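K.L.:
What follows is the file my_file38.pdb, containing PDB, C-alpha atoms:
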ATOM      1  CA  MET D   9     -25.000 -33.126  31.624  1.00  0.00           C
ATOM      2  CA  MET D  10     -22.126 -30.611  31.705  1.00  0.00           C
ATOM      3  CA  ASN D  11     -21.018 -31.589  28.192  1.00  0.00           C
ATOM      4  CA  PHE D  12     -24.535 -31.020  26.896  1.00  0.00           C
ATOM      5  CA  ILE D  13     -24.705 -27.514  28.415  1.00  0.00           C
ATOM      6  CA  LEU D  14     -21.267 -26.684  26.990  1.00  0.00           C
ATOM      7  CA  ARG D  15     -22.373 -27.829  23.524  1.00  0.00           C
ATOM      8  CA  VAL D  16     -25.564 -25.780  23.733  1.00  0.00           C
ATOM      9  CA  ILE D  17     -23.587 -22.694  24.744  1.00  0.00           C
ATOM     10  CA  LEU D  18     -21.124 -23.200  21.872  1.00  0.00           C
ATOM     11  CA  VAL D  19     -23.961 -23.636  19.373  1.00  0.00           C
ATOM     12  CA  MET D  20     -25.606 -20.453  20.664  1.00  0.00           C
ATOM     13  CA  LEU D  21     -22.325 -18.560  20.357  1.00  0.00           C
ATOM     14  CA  GLY D  22     -21.938 -19.858  16.811  1.00  0.00           C
ATOM     15  CA  LEU D  23     -25.450 -18.728  15.932  1.00  0.00           C
ATOM     16  CA  VAL D  24     -24.816 -15.263  17.410  1.00  0.00           C
ATOM     17  CA  PHE D  25     -21.576 -14.998  15.418  1.00  0.00           C
ATOM     18  CA  ALA D  26     -23.282 -16.109  12.192  1.00  0.00           C
ATOM     19  CA  ALA D  27     -26.134 -13.647  12.768  1.00  0.00           C
ATOM     20  CA  SER D  28     -23.739 -10.761  13.415  1.00  0.00           C
ATOM     21  CA  LEU D  29     -21.778 -11.660  10.307  1.00  0.00           C
ATOM     22  CA  ALA D  30     -24.999 -11.728   8.263  1.00  0.00           C
ATOM     23  CA  VAL D  31     -26.006  -8.318   9.655  1.00  0.00           C
ATOM     24  CA  ALA D  32     -22.612  -6.873   8.747  1.00  0.00           C
ATOM     25  CA  VAL D  33     -22.865  -8.204   5.186  1.00  0.00           C
ATOM     26  CA  MET D  34     -26.408  -6.876   4.808  1.00  0.00           C
ATOM     27  CA  LEU D  35     -25.348  -3.464   6.144  1.00  0.00           C
ATOM     28  CA  LEU D  36     -22.453  -3.351   3.665  1.00  0.00           C
ATOM     29  CA  ALA D  37     -24.826  -4.340   0.841  1.00  0.00           C
ATOM     30  CA  ALA D  38     -27.264  -1.594   1.894  1.00  0.00           C
ATOM     31  CA  VAL D  39     -24.517   1.034   1.933  1.00  0.00           C
ATOM     32  CA  TRP D  40     -23.344  -0.171  -1.471  1.00  0.00           C
ATOM     33  CA  GLY D  41     -26.902   0.004  -2.814  1.00  0.00           C
ATOM     34  CA  VAL D  42     -27.408   3.561  -1.535  1.00  0.00           C
ATOM     35  CA  ARG D  43     -24.074   4.568  -3.024  1.00  0.00           C
ATOM     36  CA  TYR D  44     -24.978   2.990  -6.363  1.00  0.00           C
ATOM     37  CA  ALA D  45     -28.414   4.629  -6.388  1.00  0.00           C
ATOM     38  CA  TRP D  46     -26.903   8.032  -5.584  1.00  0.00           C
ATOM     39  CA  GLY D  47     -24.406   7.592  -8.422  1.00  0.00           C
ATOM     40  CA  ARG D  48     -27.192   6.705 -10.854  1.00  0.00           C
ATOM     41  CA  LEU D  49     -29.280   9.641  -9.649  1.00  0.00           C
ATOM     42  CA  THR D  50     -26.472  12.187 -10.029  1.00  0.00           C
ATOM     43  CA  GLY D  51     -25.027  10.625 -13.197  1.00  0.00           C
ATOM     44  CA  LYS D  52     -21.575  10.073 -11.720  1.00  0.00           C
ATOM     45  CA  PRO D  53     -19.765   6.785 -12.277  1.00  0.00           C
ATOM     46  CA  VAL D  54     -19.682   4.486  -9.283  1.00  0.00           C
ATOM     47  CA  THR D  55     -16.267   3.006  -8.668  1.00  0.00           C
ATOM     48  CA  PRO D  56     -15.941  -0.099  -6.527  1.00  0.00           C
ATOM     49  CA  TRP D  57     -14.218   0.005  -3.177  1.00  0.00           C
ATOM     50  CA  VAL D  58     -10.877  -1.461  -3.989  1.00  0.00           C
ATOM     51  CA  MET D  59      -7.430  -1.023  -2.548  1.00  0.00           C
ATOM     52  CA  ARG D  60      -5.548   1.181  -4.960  1.00  0.00           C
ATOM     53  CA  PHE D  61      -1.970  -0.053  -4.818  1.00  0.00           C
ATOM     54  CA  ASN D  62       0.781   0.805  -7.238  1.00  0.00           C
ATOM     55  CA  PRO D  63       3.745  -1.581  -6.864  1.00  0.00           C
ATOM     56  CA  ARG D  64       5.994   0.872  -8.670  1.00  0.00           C
ATOM     57  CA  SER D  65       5.607   3.431  -5.871  1.00  0.00           C
ATOM     58  CA  GLY D  66       7.095   1.015  -3.340  1.00  0.00           C
ATOM     59  CA  PHE D  67      10.115   0.340  -5.515  1.00  0.00           C
ATOM     60  CA  GLU D  68      10.567   4.033  -6.285  1.00  0.00           C
ATOM     61  CA  ARG D  69      10.526   4.924  -2.600  1.00  0.00           C
ATOM     62  CA  PHE D  70      13.429   2.601  -1.843  1.00  0.00           C
ATOM     63  CA  ARG D  71      15.257   3.452  -5.048  1.00  0.00           C
ATOM     64  CA  SER D  72      15.122   7.161  -4.258  1.00  0.00           C
ATOM     65  CA  ALA D  73      16.370   6.469  -0.731  1.00  0.00           C
ATOM     66  CA  ALA D  74      19.480   4.827  -2.215  1.00  0.00           C
ATOM     67  CA  ARG D  75      20.349   7.874  -4.286  1.00  0.00           C
ATOM     68  CA  PRO D  76      22.721  10.341  -2.659  1.00  0.00           C
ATOM     69  CA  ALA D  77      21.004  13.461  -1.394  1.00  0.00           C
ATOM     70  CA  GLU D  78      21.458  16.693  -3.264  1.00  0.00           C
ATOM     71  CA  PRO D  79      23.640  19.184  -1.420  1.00  0.00           C
ATOM     72  CA  SER D  80      21.843  22.018   0.294  1.00  0.00           C
ATOM     73  CA  ALA D  81      22.721  25.683  -0.121  1.00  0.00           C
ATOM     74  CA  ALA D  82      24.591  25.626   3.182  1.00  0.00           C
ATOM     75  CA  ASP D  83      26.642  22.620   2.018  1.00  0.00           C
ATOM     76  CA  VAL D  84      27.554  24.425  -1.197  1.00  0.00           C
ATOM     77  CA  ALA D  85      28.553  27.594   0.693  1.00  0.00           C
ATOM     78  CA  ASN D  86      30.690  25.608   3.136  1.00  0.00           C
ATOM     79  CA  ALA D  87      32.352  23.729   0.284  1.00  0.00           C
ATOM     80  CA  ARG D  88      33.207  26.969  -1.484  1.00  0.00           C
ATOM     81  CA  ALA D  89      34.606  28.410   1.748  1.00  0.00           C
ATOM     82  CA  ARG D  90      36.849  25.349   2.219  1.00  0.00           C
ATOM     83  CA  GLY D  91      37.900  25.364  -1.427  1.00  0.00           C
ATOM     84  CA  GLU D  92      36.382  21.950  -2.115  1.00  0.00           C
ATOM     85  CA  PRO D  93      34.537  21.128  -5.336  1.00  0.00           C
ATOM     86  CA  VAL D  94      30.951  22.346  -5.240  1.00  0.00           C
ATOM     87  CA  ARG D  95      29.532  19.423  -7.259  1.00  0.00           C
ATOM     88  CA  SER D  96      29.012  17.328  -4.134  1.00  0.00           C
ATOM     89  CA  PRO D  97      30.506  18.525  -0.874  1.00  0.00           C
ATOM     90  CA  LEU D  98      28.882  15.584   0.875  1.00  0.00           C
ATOM     91  CA  LEU D  99      31.148  13.160  -0.947  1.00  0.00           C
ATOM     92  CA  ARG D 100      34.607  14.311   0.007  1.00  0.00           C
ATOM     93  CA  ASP D 101      37.422  12.946  -2.077  1.00  0.00           C
ATOM     94  CA  ARG D 102      40.568  13.447  -0.050  1.00  0.00           C
ATOM     95  CA  GLY D 103      42.771  11.517  -2.430  1.00  0.00           C
ATOM     96  CA  GLY D 104      46.200  10.384  -1.289  1.00  0.00           C
ATOM     97  CA  ASN D 105      47.238   7.104   0.245  1.00  0.00           C
ATOM     98  CA  VAL D 106      45.919   5.280   3.258  1.00  0.00           C
ATOM     99  CA  THR D 107      48.509   5.531   6.046  1.00  0.00           C
ATOM    100  CA  ASP D 108      46.925   3.721   8.970  1.00  0.00           C
ATOM    101  CA  VAL D 109      47.120   0.240   7.417  1.00  0.00           C
ATOM    102  CA  GLN D 110      50.282  -1.848   7.435  1.00  0.00           C
ATOM    103  CA  ALA D 111      50.756  -4.577   4.870  1.00  0.00           C
ATOM    104  CA  ARG D 112      51.450  -8.090   6.149  1.00  0.00           C
ATOM    105  CA  PRO D 113      52.822 -10.987   4.175  1.00  0.00           C
ATOM    106  CA  ALA D 114      50.231 -13.518   3.046  1.00  0.00           C
ATOM    107  CA  THR D 115      50.246 -16.798   5.023  1.00  0.00           C
ATOM    108  CA  ARG D 116      48.890 -20.176   4.008  1.00  0.00           C
ATOM    109  CA  GLY D 117      46.230 -21.188   6.551  1.00  0.00           C
ATOM    110  CA  GLU D 118      48.614 -21.665   9.479  1.00  0.00           C
TER     111      GLU D 118
END
Take the structure in the file and write it out as structure tokens.
P.N.:
Amino acid sequence: MMNFILRVILVMLGLVFAASLAVAVMLLAAVWGVRYAWGRLTGKPVTPWVMRFNPRSGFERFRSAARPAEPSAADVANARARGEPVRSPLLRDRGGNVTDVQARPATRGE
């Protein structure tokens, strides 16, 4: 008897879900119909509801993030005050040799 009641409840829940889904689809169709009728009445083209996605914009966003930033006016002024090249004070080229590394002889997997 308990299994029968459980099955009846599940069938009722399924019917409620199907009815709510049908109402949602009908409501969307009604809104679309009103929108279409308004577009025909005013003479404006009716565009469908679609997701407008440009794949190029995603690539450009990450590509532009990889580019070095342009120096600001304060960076340029500070570079001139220090006597560094103004072209890019963010990228400092000190030149010279590295002094904090000591060379070791190569060993063979010992």
K.L.:
Could you produce a table of the residues of region 51-96 of chain D lying within 10 Å of region 37-44 of chain D, with the nearest pair of atoms per residue and their separation in Å rounded to one decimal, using all atoms listed in the file, ordered by chain and increasing residue number, as JSON lines?
P.N.:
{"residue": "D:Lys52", "atom": "CA", "partner": "D:Tyr44", "partner_atom": "CA", "distance": 9.5}
{"residue": "D:Pro53", "atom": "CA", "partner": "D:Tyr44", "partner_atom": "CA", "distance": 8.7}
{"residue": "D:Val54", "atom": "CA", "partner": "D:Tyr44", "partner_atom": "CA", "distance": 6.2}
{"residue": "D:Thr55", "atom": "CA", "partner": "D:Tyr44", "partner_atom": "CA", "distance": 9.0}
{"residue": "D:Pro56", "atom": "CA", "partner": "D:Trp40", "partner_atom": "CA", "distance": 9.0}
{"residue": "D:Trp57", "atom": "CA", "partner": "D:Trp40", "partner_atom": "CA", "distance": 9.3}
K.L.:
Would you mind reading off the distance between CA of Ser80 (chain D) and CA of Glu92 (chain D), one decimal, in Å?
P.N.:
14.7 Å
K.L.:
Can you work out the spacing between CA of Ala30 (chain D) and CA of Asn11 (chain D) in Å, to one decimal?
P.N.:
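Interatomic distance here is 28.4 Å.
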K.L.:
Using only C-alpha atoms, which protein or nucleic acid residues come within 10 Å of Val94 (chain D)? Drop anything in the same chain fewer than 5 positions from it, and give the result as a PyMOL selection string.
P.N.:
chain D and resi 79+83-89
